[in-house]
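Shown next, in structure tokens, is the structure this report addresses.
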Amino acid sequence: MLAMELIPAIQERIEELDAASTGGPDPLASGRRAALWRAQQHAARVEHTLEDLRAYCLESLRSRKFLDERDENDYLRGYRQGFQAVLSEIRRVETGGAA
């Protein structure tokens, strides 16, 4: 399955973040949005499969492992949560689960 088939689901999550925006600075939402946007851009490549997208998300999460969880700021927490949301969506699609 091509990763680009997940773009509508990723876009929906971005739109949910935008709709929930309070107008003020929200580092957690900004981090989530950044991760979702990056995953969406990666998925847009015609040759990328779900496995490629999964590997990209896992590598993005791995690159942040040098931070101890207690030292993680809201932006990085949101960034991690955004990639985890994409990984959950991949699993949902692979298992045939409902949205």
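Here, A, B, ... name the chains of the structure tokens in the order displayed, residue numbers run from 1 inside each chain, and ligands are numbered from 1 in the same displayed order.
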Tell me which protein, DNA and RNA residues are within 12 Å of A:Ala9, counting only C-alpha atoms, leaving out same-chain ones fewer than 4 positions away, and put them as a list in words.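 Returned residues: Ala3, Met4, Glu5, Arg13, Ile14, Glu15, Glu16, Leu36, Trp37, Ala39, Gln40, Ala43, Ala85, Val86, Leu87, Ser88, Glu89, Ile90, Arg92, Val93, Ala98 and Ala99 of chain A.
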Calculate how many Å separate atom CA of A:Leu6 from atom CA of A:Gly24, rounding to one decimal.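 Pair atom CA of A:Leu6 / atom CA of A:Gly24 returns 29.2 Å.
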Rounded to one decimal, what separation in Å do you get between atom CA of A:Gly82 and atom CA of A:Ser21?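 Distance reported for this atom pair: 15.6 Å.
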Nearby residues (only C-alpha atoms) at most 8 Å from A:Glu47, same-chain spacing under 2 positions excluded, as number ranges by chain: A: 2, 45, 49
Calculated over only C-alpha atoms, which of the candidates A:Leu61, A:Pro8, A:Arg54, A:Arg80 has the smallest distance to A:Arg33?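 Looking at the shortest contact to A:Arg33, the residue is A:Arg80.
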Report the distance between atom CA of A:Arg77 and atom CA of A:Ala35 in Å, rounded to one decimal place. 10.5 Å
In terms of the shortest atom-to-atom distance over only C-alpha atoms, which of A:Leu28, A:Ala20, A:Ala44, A:Met1 is closest to A:Tyr79?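 Selected residue with least distance to A:Tyr79: A:Leu28.
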